Amino acid sequence: MKSSNSSVLFGKKLLIGISGSIAAYKIPELVRLFIKSGAEVKVIMTKSSQDFVSPLTISTLSLNEVVCDFVDPKKNTWINHVELANWADLFLIVPASANTISKMAHGLCDNILLATFLSSTLPIFCAPAMDRDMYLNQSTSDNLDIIRSRGVQILDAEKGELASGLFGKGRMQDVNTVFSNIENFFLKQNLLNGKKILVTAGPTYEKIDPVRFIGNFSSGKMGCELAKKGAEMGAEIDLVIGPSNYNISHPLINKINILSADEMFEICSEKFKMADIAIFAAAVSDFKPAEYSKQKIKEKSIVINTKKNKDIVKLLSAKKDKQFVVGFALESNNETTNAINKLKTKNMDLIVLNSLNDNNSCFQSDKNKVRIIDNNLSIKDFPLMSKNDVAEEIFNQILINQTFIELFKSIKK
Ligand code: C5P
């Protein structure tokens, strides 16, 4: 097979894990595409995946022996899964069955694919494939959320005809799409190498007394997805985040937990100075109680006097020198006009507008529908997308922004 040295995959080392789903029959084609692009491919197969595709087919196409167990029966030697786990530039689990995803989420380790997964510090991608109702089952979504929050990138299943005859979501991403996603990862990997990004996320809690606070429903997901995307592009991230159940971990993400807007302001003031890009995705509480009661308030009915919190983005952006500033707006009426005013008064370079009139979008949701407005007042609308895709789109818009390109040139020097 002739390989191309013009592909971004040329010379890349790819570790592929195949688990037991009917979609495993498509993996020889994927392996062929990777080899054709000049990548080096090693494959691990679970026992049940071998019912759907033969190790001989995979080893022939991958030009490497396939790993199926902890021991190599032919050589009577132990396979070093730790070495394997860190041999590659990327680990792709494709197809990922409900069983394998569940084990990945809960740390089970009863085959060499899982042992390798647990030992790996590589960027990990996972392409789920299963029947519709298994995919829709709450435990599967929870397991996907768990591994996603630990940094595994999910190549979301597609809607289509399933092996069971049902129609719906659960079909493994088309192999060409999987291939493009992996190619894209490498294309973008070093685009923001060495850059520093400040991201704010989540709500803030403004204490009334030791047990009560003023807060809001923000989950912190959007900011976390932005932090993750930036890190995947090689940037060092300071993620300043209010109370959130959304966990994120990546070697390039420095997560700083805060509670109140004042604490967020303090940390951001320090981090902003070093930042090349600052993304203010936090839903900062506009108000805080005028006074904090050290004792739990006992009255049946209380009146809370409030005072305004510092506007973090406005105060910092007024002092910006090299920073490219992105803000968010959540509006219920005159959305675009209000967002444009915000962009101007808060000295932002880009604003991401969420509308409270969109159902299924924004707070607490995995999805978001946004309008992005830049400093030339050009407006772009996007469909309802996962927050991961919205984060990708925000970075796309940053990277093509003329102000950013100019700043980027001077930062590069
Ligand atoms: O004025 P509004 O709260 O709608 O502005 C939203 C934008 O300003 C968001 O980017 C948010 O993170 C930021 N903000 C802030 N500090 C505040 C309030 C909002 O940084 N006190």
# chains A, B, ... in the order shown; residues from 1 in each chain; ligands from 1
call {"tool": "residues_near_ligand", "arguments": {"ligand": "ligand 1", "cutoff": "9 Å", "atoms": "only C-alpha atoms and all ligand atoms", "output": "ChimeraX atom specification"}}
result
/A:200-202,261-262,264-265,279-287,308-316,326-331,338-339,342-343,346,348,351-352
call {"tool": "residues_around", "arguments": {"residues": "Gln50 (chain A)", "least_positions_apart": "4", "cutoff": "10 Å", "atoms": "only C-alpha atoms", "output": "list in words"}}
result
Ile18, Ser19, Gly20, Ser21, Ala24, Tyr25, Met45, Thr46, Ser54, Pro55, Leu56 and Cys68 of chain A
call {"tool": "write_last_selection", "arguments": {"atoms": "N, CA and C atoms", "output": "PDB file, in the first residue's frame"}}
result
ATOM      1  N   ILE A  18     -10.076  -2.160  19.532  1.00  0.00           N
ATOM      2  CA  ILE A  18     -11.365  -2.572  18.939  1.00  0.00           C
ATOM      3  C   ILE A  18     -12.130  -3.379  19.981  1.00  0.00           C
ATOM      4  N   SER A  19     -13.373  -2.964  20.258  1.00  0.00           N
ATOM      5  CA  SER A  19     -14.183  -3.754  21.188  1.00  0.00           C
ATOM      6  C   SER A  19     -15.355  -4.377  20.430  1.00  0.00           C
ATOM      7  N   GLY A  20     -16.125  -5.189  21.158  1.00  0.00           N
ATOM      8  CA  GLY A  20     -17.097  -6.068  20.504  1.00  0.00           C
ATOM      9  C   GLY A  20     -18.417  -5.429  20.121  1.00  0.00           C
ATOM     10  N   SER A  21     -18.417  -4.835  18.952  1.00  0.00           N
ATOM     11  CA  SER A  21     -19.661  -4.322  18.390  1.00  0.00           C
ATOM     12  C   SER A  21     -19.640  -4.711  16.918  1.00  0.00           C
ATOM     13  N   ALA A  24     -17.339  -3.311  14.309  1.00  0.00           N
ATOM     14  CA  ALA A  24     -15.918  -3.694  14.190  1.00  0.00           C
ATOM     15  C   ALA A  24     -15.581  -4.120  12.755  1.00  0.00           C
ATOM     16  N   TYR A  25     -16.602  -4.544  12.011  1.00  0.00           N
ATOM     17  CA  TYR A  25     -16.323  -4.992  10.632  1.00  0.00           C
ATOM     18  C   TYR A  25     -15.831  -3.827   9.760  1.00  0.00           C
ATOM     19  N   MET A  45      -7.242  -5.891  20.328  1.00  0.00           N
ATOM     20  CA  MET A  45      -8.623  -6.352  20.123  1.00  0.00           C
ATOM     21  C   MET A  45      -9.132  -7.087  21.356  1.00  0.00           C
ATOM     22  N   THR A  46     -10.374  -6.781  21.761  1.00  0.00           N
ATOM     23  CA  THR A  46     -10.959  -7.568  22.852  1.00  0.00           C
ATOM     24  C   THR A  46     -11.395  -8.916  22.265  1.00  0.00           C
ATOM     25  N   SER A  54     -11.483 -10.460  12.008  1.00  0.00           N
ATOM     26  CA  SER A  54     -10.403 -11.366  12.422  1.00  0.00           C
ATOM     27  C   SER A  54      -9.096 -10.607  12.676  1.00  0.00           C
ATOM     28  N   PRO A  55      -8.367 -11.019  13.715  1.00  0.00           N
ATOM     29  CA  PRO A  55      -7.059 -10.402  13.983  1.00  0.00           C
ATOM     30  C   PRO A  55      -6.126 -10.503  12.774  1.00  0.00           C
ATOM     31  N   LEU A  56      -6.301 -11.575  11.970  1.00  0.00           N
ATOM     32  CA  LEU A  56      -5.435 -11.744  10.800  1.00  0.00           C
ATOM     33  C   LEU A  56      -5.664 -10.603   9.795  1.00  0.00           C
ATOM     34  N   CYS A  68      -3.984  -9.273  21.563  1.00  0.00           N
ATOM     35  CA  CYS A  68      -5.312  -9.755  21.957  1.00  0.00           C
ATOM     36  C   CYS A  68      -5.368 -10.136  23.427  1.00  0.00           C
TER      37      CYS A  68
END
call {"tool": "closest_residue", "arguments": {"among": "A:Ala163, A:Ile405, A:Leu198, A:Val370", "to": "Thr336 (chain A)", "atoms": "only C-alpha atoms"}}
result
A:Val370
call {"tool": "residues_around", "arguments": {"residues": "Ser249 (chain A)", "least_positions_apart": "5", "cutoff": "8 Å", "atoms": "only C-alpha atoms", "output": "list in words"}}
result
Ser149, Arg150 and Gly151 of chain A
call {"tool": "residues_around", "arguments": {"residues": "region 173-185 of chain A", "least_positions_apart": "2", "cutoff": "8 Å", "atoms": "only C-alpha atoms", "output": "JSON, numbers by chain"}}
result
{"A": [8, 9, 26, 27, 29, 30, 33, 34, 127, 129, 155, 156, 157, 158, 171, 187, 188, 189, 232]}
call {"tool": "closest_residue", "arguments": {"among": "A:Thr116, A:Asn193, A:Ile22, A:Asp276", "to": "Gly170 (chain A)", "atoms": "only C-alpha atoms"}}
result
A:Ile22
call {"tool": "closest_atom_pairs", "arguments": {"of": "region 167-229 of chain A", "to": "region 238-243 of chain A", "cutoff": "8 Å", "atoms": "only C-alpha atoms", "output": "JSON lines"}}
result
{"residue": "A:Lys196", "atom": "CA", "partner": "A:Asp238", "partner_atom": "CA", "distance": 7.7}
{"residue": "A:Ile197", "atom": "CA", "partner": "A:Asp238", "partner_atom": "CA", "distance": 6.3}
{"residue": "A:Leu198", "atom": "CA", "partner": "A:Asp238", "partner_atom": "CA", "distance": 4.8}
{"residue": "A:Val199", "atom": "CA", "partner": "A:Leu239", "partner_atom": "CA", "distance": 4.8}
{"residue": "A:Thr200", "atom": "CA", "partner": "A:Val240", "partner_atom": "CA", "distance": 4.8}
{"residue": "A:Ala201", "atom": "CA", "partner": "A:Ile241", "partner_atom": "CA", "distance": 4.7}
{"residue": "A:Gly202", "atom": "CA", "partner": "A:Gly242", "partner_atom": "CA", "distance": 4.9}
{"residue": "A:Pro203", "atom": "CA", "partner": "A:Gly242", "partner_atom": "CA", "distance": 5.2}
{"residue": "A:Thr204", "atom": "CA", "partner": "A:Gly242", "partner_atom": "CA", "distance": 5.2}
{"residue": "A:Tyr205", "atom": "CA", "partner": "A:Gly242", "partner_atom": "CA", "distance": 7.5}
{"residue": "A:Gly220", "atom": "CA", "partner": "A:Ile241", "partner_atom": "CA", "distance": 7.3}
{"residue": "A:Gly223", "atom": "CA", "partner": "A:Leu239", "partner_atom": "CA", "distance": 8.0}
{"residue": "A:Cys224", "atom": "CA", "partner": "A:Leu239", "partner_atom": "CA", "distance": 7.7}
{"residue": "A:Ala227", "atom": "CA", "partner": "A:Leu239", "partner_atom": "CA", "distance": 6.6}
call {"tool": "write_last_selection", "arguments": {"atoms": "C-alpha atoms", "output": "CSV table (one decimal), in the first residue's frame"}}
result
chain,number,residue,atom,x,y,z
A,196,LYS,CA,-1.8,31.3,27.5
A,197,ILE,CA,-5.6,31.4,27.8
A,198,LEU,CA,-7.6,32.6,30.7
A,199,VAL,CA,-11.1,31.0,30.9
A,200,THR,CA,-13.8,31.8,33.4
A,201,ALA,CA,-16.6,29.3,34.0
A,202,GLY,CA,-19.6,28.4,36.1
A,203,PRO,CA,-21.7,30.4,38.5
A,204,THR,CA,-20.5,32.4,41.4
A,205,TYR,CA,-22.0,32.0,44.9
A,220,GLY,CA,-19.8,25.4,34.0
A,223,GLY,CA,-16.3,27.1,30.0
A,224,CYS,CA,-14.9,23.6,30.6
A,227,ALA,CA,-10.7,25.1,28.3
call {"tool": "select_by_dssp", "arguments": {"residues": "region 112-269 of chain A", "states": "helix (DSSP H, G or I)", "output": "ChimeraX atom specification"}}
result
/A:112-119,132-136,138-149,175-188,221-232,261-269
call {"tool": "residues_around", "arguments": {"residues": "Phe382 (chain A)", "least_positions_apart": "6", "cutoff": "10 Å", "atoms": "only C-alpha atoms", "output": "PDB file with C-alpha atoms, in the first residue's frame"}}
result
ATOM      1  CA  ASN A 368     -26.093  25.321  23.000  1.00  0.00           C
ATOM      2  CA  LYS A 369     -27.337  27.466  20.131  1.00  0.00           C
ATOM      3  CA  VAL A 370     -25.271  30.571  19.687  1.00  0.00           C
ATOM      4  CA  ARG A 371     -24.847  33.695  17.595  1.00  0.00           C
ATOM      5  CA  ILE A 372     -21.278  34.976  17.435  1.00  0.00           C
ATOM      6  CA  VAL A 390     -19.693  25.271  20.135  1.00  0.00           C
ATOM      7  CA  GLU A 393     -16.601  27.007  16.605  1.00  0.00           C
TER       8      GLU A 393
END
call {"tool": "closest_residue", "arguments": {"among": "A:Phe91, A:Phe213, A:Phe272, A:Tyr292", "to": "Leu259 (chain A)", "atoms": "only C-alpha atoms"}}
result
A:Phe213
call {"tool": "residues_around", "arguments": {"residues": "Ile16 (chain A)", "least_positions_apart": "6", "cutoff": "6 Å", "atoms": "only C-alpha atoms", "output": "list in words"}}
result
Val43, Phe91, Leu92 and Ile93 of chain A
call {"tool": "write_last_selection", "arguments": {"atoms": "all heavy atoms", "output": "PDB file, in the first residue's frame"}}
result
ATOM      1  N   VAL A  43      -2.753  -2.349  16.907  1.00  0.00           N
ATOM      2  CA  VAL A  43      -4.148  -2.585  17.277  1.00  0.00           C
ATOM      3  C   VAL A  43      -4.267  -3.577  18.425  1.00  0.00           C
ATOM      4  O   VAL A  43      -3.557  -4.587  18.465  1.00  0.00           O
ATOM      5  CB  VAL A  43      -4.956  -3.103  16.053  1.00  0.00           C
ATOM      6  CG1 VAL A  43      -6.420  -3.323  16.429  1.00  0.00           C
ATOM      7  CG2 VAL A  43      -4.862  -2.126  14.885  1.00  0.00           C
ATOM      8  N   PHE A  91      -4.591   7.418  21.153  1.00  0.00           N
ATOM      9  CA  PHE A  91      -5.248   6.123  21.374  1.00  0.00           C
ATOM     10  C   PHE A  91      -6.709   6.287  20.971  1.00  0.00           C
ATOM     11  O   PHE A  91      -7.406   7.179  21.469  1.00  0.00           O
ATOM     12  CB  PHE A  91      -5.128   5.764  22.868  1.00  0.00           C
ATOM     13  CG  PHE A  91      -5.592   4.384  23.259  1.00  0.00           C
ATOM     14  CD1 PHE A  91      -5.887   3.399  22.313  1.00  0.00           C
ATOM     15  CD2 PHE A  91      -5.726   4.047  24.606  1.00  0.00           C
ATOM     16  CE1 PHE A  91      -6.300   2.136  22.687  1.00  0.00           C
ATOM     17  CE2 PHE A  91      -6.136   2.782  25.004  1.00  0.00           C
ATOM     18  CZ  PHE A  91      -6.425   1.819  24.042  1.00  0.00           C
ATOM     19  N   LEU A  92      -7.145   5.437  20.037  1.00  0.00           N
ATOM     20  CA  LEU A  92      -8.518   5.530  19.526  1.00  0.00           C
ATOM     21  C   LEU A  92      -9.250   4.222  19.794  1.00  0.00           C
ATOM     22  O   LEU A  92      -8.812   3.169  19.322  1.00  0.00           O
ATOM     23  CB  LEU A  92      -8.458   5.820  18.016  1.00  0.00           C
ATOM     24  CG  LEU A  92      -9.744   5.670  17.210  1.00  0.00           C
ATOM     25  CD1 LEU A  92     -10.801   6.683  17.656  1.00  0.00           C
ATOM     26  CD2 LEU A  92      -9.451   5.877  15.712  1.00  0.00           C
ATOM     27  N   ILE A  93     -10.321   4.288  20.559  1.00  0.00           N
ATOM     28  CA  ILE A  93     -11.093   3.075  20.850  1.00  0.00           C
ATOM     29  C   ILE A  93     -12.308   3.091  19.929  1.00  0.00           C
ATOM     30  O   ILE A  93     -13.199   3.935  20.057  1.00  0.00           O
ATOM     31  CB  ILE A  93     -11.458   3.016  22.348  1.00  0.00           C
ATOM     32  CG1 ILE A  93     -10.151   2.948  23.142  1.00  0.00           C
ATOM     33  CG2 ILE A  93     -12.342   1.803  22.646  1.00  0.00           C
ATOM     34  CD1 ILE A  93     -10.271   3.263  24.591  1.00  0.00           C
TER      35      ILE A  93
END
call {"tool": "residues_around", "arguments": {"residues": "Gln402 (chain A)", "least_positions_apart": "6", "cutoff": "10 Å", "atoms": "only C-alpha atoms", "output": "JSON, numbers by chain"}}
result
{"A": [374, 375, 376, 408]}
call {"tool": "select_by_dssp", "arguments": {"residues": "region 170-381 of chain A", "states": "strand (DSSP E)", "output": "number ranges by chain"}}
result
A: 170-171, 196-201, 206-209, 212-214, 236-241, 253-257, 277-280, 287-289, 306-308, 324-331, 350-355, 367-368, 370-374, 379-381
call {"tool": "closest_residue", "arguments": {"among": "A:Ala391, A:Pro289, A:Ile124, A:Leu90", "to": "Gly215 (chain A)", "atoms": "only C-alpha atoms"}}
result
A:Pro289
call {"tool": "closest_residue", "arguments": {"among": "A:Thr140, A:Asn334, A:Ser48, A:Thr345", "to": "Ser317 (chain A)", "atoms": "only C-alpha atoms"}}
result
A:Thr345
